[in-house]
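Visitor: Pasting in a structure now, in structure tokens, and then I'll have a few things to ask.
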There are 2 protein chains.
Amino acid sequence: MTTPPPQAGPQSLALAGLEGPIGLVGLGLIGGSLGLDLQRCGLEVHALVHRAGTAERARQRGLAQVVDTDAAVLAGCRLVVLALPLDRLLDPSPSLLAALPPEAVVTDVGSVKAPVLQRWRGLHPRFVASHPMAGSAEAGVEAGRADLFRGRPWVATPEAGGDLAALAAVQALAEAVGACWLTCDAAAHDRAVALISHLPVLASAALLLAAERGAAGGPPEWHLPALARALASSGFADTTRVGGGNPELGVLMARCNREAVAEALAGYRHCLDGLEQLLTAEDWPGLEEELGRCRQLRPEFL
Amino acid sequence: MTTPPPQAGPQSLALAGLEGPIGLVGLGLIGGSLGLDLQRCGLEVHALVHRAGTAERARQRGLAQVVDTDAAVLAGCRLVVLALPLDRLLDPSPSLLAALPPEAVVTDVGSVKAPVLQRWRGLHPRFVASHPMAGSAEAGVEAGRADLFRGRPWVATPEAGGDLAALAAVQALAEAVGACWLTCDAAAHDRAVALISHLPVLASAALLLAAERGAAGGPPEWHLPALARALASSGFADTTRVGGGNPELGVLMARCNREAVAEALAGYRHCLDGLEQLLTAEDWPGLEEELGRCRQLRPEFL
């Protein structure tokens, strides 16, 4: 894993041998934000979108210089970013595949890397799997905004013997938008995001379900469901934010990273059981020690 | 459960038959914030603190008009708020008990109500158990700030046949600082806070432990612990905030609300098992339905 500082402007894209337009496939949160940042770097951006209405709105918002629903818009692009949801990325349309210039560097932004690499390895000779770790609750053509990637990690998962020039081009792109470049093994990436991104969605969702079902269990005169709702404060709001998010995204992550998420869930259950045993045994010094470790650990993840 | 709107000023305290100083025992986040707000309402505040250094700093901050380490400072108070940590509240010093005027209304701010009620029922004739749901990560004499309670719930858990004038006085106090008054059964309160406050601490702590232990399990060349730390983003930060908080507070809540927390944990494990079964069975429509319910549920708790 390497972590050079965020850096660069349009020069570094030229240095990596990139001239000509950058292609974007999809102008949602990630694609739209990239379009804004890359244009600000002085680069020409051509974008392919699915629907005519999206194209119109993207043009109004200035997300790219050229926006079209015809894949021919990617002709001549030296680097194409597939900013698609995981399901569409794993099942690309024949017209998209036919339109990708063979000499272009192609990368993606999917939050799971091993299945993407497995699928795309044979589909394009210069494919580089990558994942900018930037998100927000918003989605769609209205979501893109400048500086989404500044200071955020952008991870690539290159394979041994891969195209180093293609990798350098994606690195130059990431650094042009201010991201912090990292590379790692695809399986390591997928296990790490299972632990810090996909598991928290399920753990957080279960809190909402438990609060709802637990509160339903009191005597009717207690008004427990209304009481739990009235008393929930900022701690509950924070802890349940990712669990109350987009269900389609949650399912895509679980589906595309099933084994790593299952492993993370098993580990989580083990840790939860440990805390529960301390509670049952009324081992308060032991519980304080574990919570003390948590307090020490958290800043290391921020 | 009743929820009148937040309201009132010094008049309502007078209406409830309260004249003379308000006593505060403890000037941490809750006590200090009350001191600031009550003085702003034109009320005289007398405070008892444990250490001379705290008293000096509290005077500098203007948290009360009179601050002392001698319990005699409470003489003449018509209403005394015990703003103490749960352990000290459940094991009050003989000097404090001796100094509480028998005719004064006495209330507390503890986050668990049944054990407090059980302990204090016989200790003071006009005790009212209550819990302002206002918090922050800060603690100690520097933490108090104006308007901490504005718009937040303040729950009392009166007993059948209790002192209605004492209850009205605590309500007037809560409304004077802008809180939203509620009353409910003590056991219902404790079950509700187990679900929406104490369980989330343990579920959140277990995420930190699972991320740490899971990441330690990869091949050394993966650098998984460093990778998990580098990739953790705002979702992980939010979901682990309460789990990485004060360990002493976490233990106090678990210890004083053990049965309700154990029940909440069992319910949580059941919900988590349900999500895990959907994952294992690759029942993606089922998982999407559950996550969709979570998305619907969350706004009801905010």
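Please note that chains go A, B, ... in the order of the structure tokens, that every chain numbers its residues from 1, and that ligands are numbered from 1 in the order shown.
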Give me, as a ChimeraX atom specification, the residues of range 135-250 of chain A that a backbone DSSP run labels alpha helix (DSSP H).
Guide: /A:164-176,186-193,199-215,224-231,234-240,247-250
Visitor: Would you kindly report the residues of chain B within 6 Å of chain A, using only C-alpha atoms, as number ranges by chain?
Guide: B: 188, 192, 195-196, 205-206, 210-211, 222, 228-229, 232, 236, 238-239, 244-245, 247, 251, 267-268, 271-272, 288, 291-292, 294-295, 298, 301
Visitor: Output the selection as a compact mmCIF listing (two decimals), in the first residue's frame - C-alpha atoms for each residue.
Guide:
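Here's the written file part06.txt:
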```txt
# COMPACT_ATOMS: atom_id res chain seq x y z
CA ALA B 188 -40.90 1.93 30.09
CA ALA B 192 -36.82 2.74 25.69
CA LEU B 195 -33.15 0.41 22.79
CA ILE B 196 -32.26 3.87 21.55
CA ALA B 205 -18.37 -0.59 20.04
CA ALA B 206 -18.55 -4.07 18.51
CA ALA B 210 -14.73 -6.28 14.60
CA ALA B 211 -12.93 -3.90 12.23
CA TRP B 222 -2.15 -7.20 2.51
CA ALA B 228 -9.09 -0.55 6.88
CA ARG B 229 -7.94 2.57 8.76
CA ALA B 232 -12.81 4.24 6.80
CA PHE B 236 -17.80 4.46 9.79
CA ASP B 238 -20.86 8.20 12.41
CA THR B 239 -21.68 4.59 13.17
CA GLY B 244 -15.89 5.12 20.95
CA GLY B 245 -17.20 7.37 23.74
CA PRO B 247 -16.08 3.91 28.81
CA VAL B 251 -20.39 0.80 31.94
CA GLY B 267 -33.58 -8.51 20.24
CA TYR B 268 -30.71 -6.95 18.31
CA CYS B 271 -32.60 -8.85 13.94
CA LEU B 272 -28.96 -9.23 12.90
CA GLU B 288 -34.00 -5.11 0.02
CA LEU B 291 -33.43 -2.37 4.31
CA GLY B 292 -36.40 -0.56 2.79
CA CYS B 294 -35.16 0.59 7.85
CA ARG B 295 -35.18 3.57 5.50
CA ARG B 298 -35.43 6.01 10.63
CA PHE B 301 -36.96 8.33 15.33
```
Visitor: Kindly indicate which residue among A:Ala104, A:Leu164, A:Leu86, A:Leu27 lies nearest to Ala55 in chain A, using only C-alpha atoms for the distances.
Guide: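 Closest residue, counting only C-alpha atoms: A:Leu27.
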Visitor: Please indicate the distance in Å from CA of Val66 in chain A to CA of Arg78 in chain A, rounded to one decimal place.
Guide: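 About the pair CA of Val66 in chain A and CA of Arg78 in chain A: they are 15.1 Å apart.
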Visitor: Which residue gives the smallest distance to Gly122 in chain A among A:Val170, A:Leu29, A:Ala146, A:Leu97, with only C-alpha atoms counted?
Guide: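 Comparing A:Val170, A:Leu29, A:Ala146, A:Leu97 against Gly122 in chain A, the winner is A:Leu97.
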Visitor: Which one of B:Ala168, B:Ala174, B:Ala143, B:Val112 sits closest to Arg57 in chain B if you count only C-alpha atoms?
Guide: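 With only C-alpha atoms as the atom set, the closest residue is B:Ala143.
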Visitor: Here is a test: counting only C-alpha atoms, which residue of A:Val73, A:Ala114, A:Val25, A:Cys256 is nearest to Val49 in chain A?
Guide: A:Val25
Visitor: Just give me the gap between CA of Asp108 in chain B and CA of Val80 in chain B in Å, one decimal is fine.
Guide: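 Taking CA of Asp108 in chain B as the start and CA of Val80 in chain B as the end point, the length is 8.4 Å.
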Visitor: Which residues come within 12 Å of Trp120 in chain A, counting only C-alpha atoms, excluding same-chain residues fewer than 2 positions away, as a PyMOL selection string?
Guide: chain A and resi 82+89-92+97+106-108+110+113-118+122-130
Visitor: Go through range 76-243 of chain A and collect every residue that DSSP, computed from the backbone, puts in strand (DSSP E); the answer should be as a list of chain:residue names.
Guide: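 In range 76-243 of chain A, DSSP puts these residues in strand (DSSP E): A:Leu79, A:Val80, A:Val81, A:Leu82, A:Val105, A:Val106, A:Thr107, A:Asp108, A:Phe127, A:Val128, A:Ser130, A:His131, A:Pro132, A:Pro153, A:Trp154, A:Val155, A:Ala156, A:Cys180, A:Trp181, A:Leu182, A:Thr183.
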Visitor: Export C-alpha atoms of the chosen residues as a PDB file, in the first residue's frame?
Guide:
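Printed below is out-v6.pdb as written:
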```pdb
ATOM      1  CA  LEU A  79      -9.312   7.581 -20.625  1.00  0.00           C
ATOM      2  CA  VAL A  80     -12.852   6.424 -19.826  1.00  0.00           C
ATOM      3  CA  VAL A  81     -14.275   6.269 -16.309  1.00  0.00           C
ATOM      4  CA  LEU A  82     -17.177   3.841 -15.894  1.00  0.00           C
ATOM      5  CA  VAL A 105      -7.362   3.451 -20.458  1.00  0.00           C
ATOM      6  CA  VAL A 106     -10.601   2.292 -18.793  1.00  0.00           C
ATOM      7  CA  THR A 107     -11.325   2.414 -15.080  1.00  0.00           C
ATOM      8  CA  ASP A 108     -14.370   2.087 -12.836  1.00  0.00           C
ATOM      9  CA  PHE A 127      -8.815  -1.900 -17.694  1.00  0.00           C
ATOM     10  CA  VAL A 128      -7.722  -0.705 -14.226  1.00  0.00           C
ATOM     11  CA  SER A 130     -10.335   1.527  -8.935  1.00  0.00           C
ATOM     12  CA  HIS A 131     -12.552   2.947  -6.191  1.00  0.00           C
ATOM     13  CA  PRO A 132     -12.744   6.574  -5.099  1.00  0.00           C
ATOM     14  CA  PRO A 153      -8.681   7.982  -0.691  1.00  0.00           C
ATOM     15  CA  TRP A 154      -8.797   6.685  -4.288  1.00  0.00           C
ATOM     16  CA  VAL A 155      -7.799   3.028  -4.292  1.00  0.00           C
ATOM     17  CA  ALA A 156      -6.698   1.009  -7.306  1.00  0.00           C
ATOM     18  CA  CYS A 180      -5.080  10.453  -2.090  1.00  0.00           C
ATOM     19  CA  TRP A 181      -3.845   7.586  -4.249  1.00  0.00           C
ATOM     20  CA  LEU A 182      -3.445   4.066  -2.835  1.00  0.00           C
ATOM     21  CA  THR A 183      -2.985   0.668  -4.411  1.00  0.00           C
TER      22      THR A 183
END
```
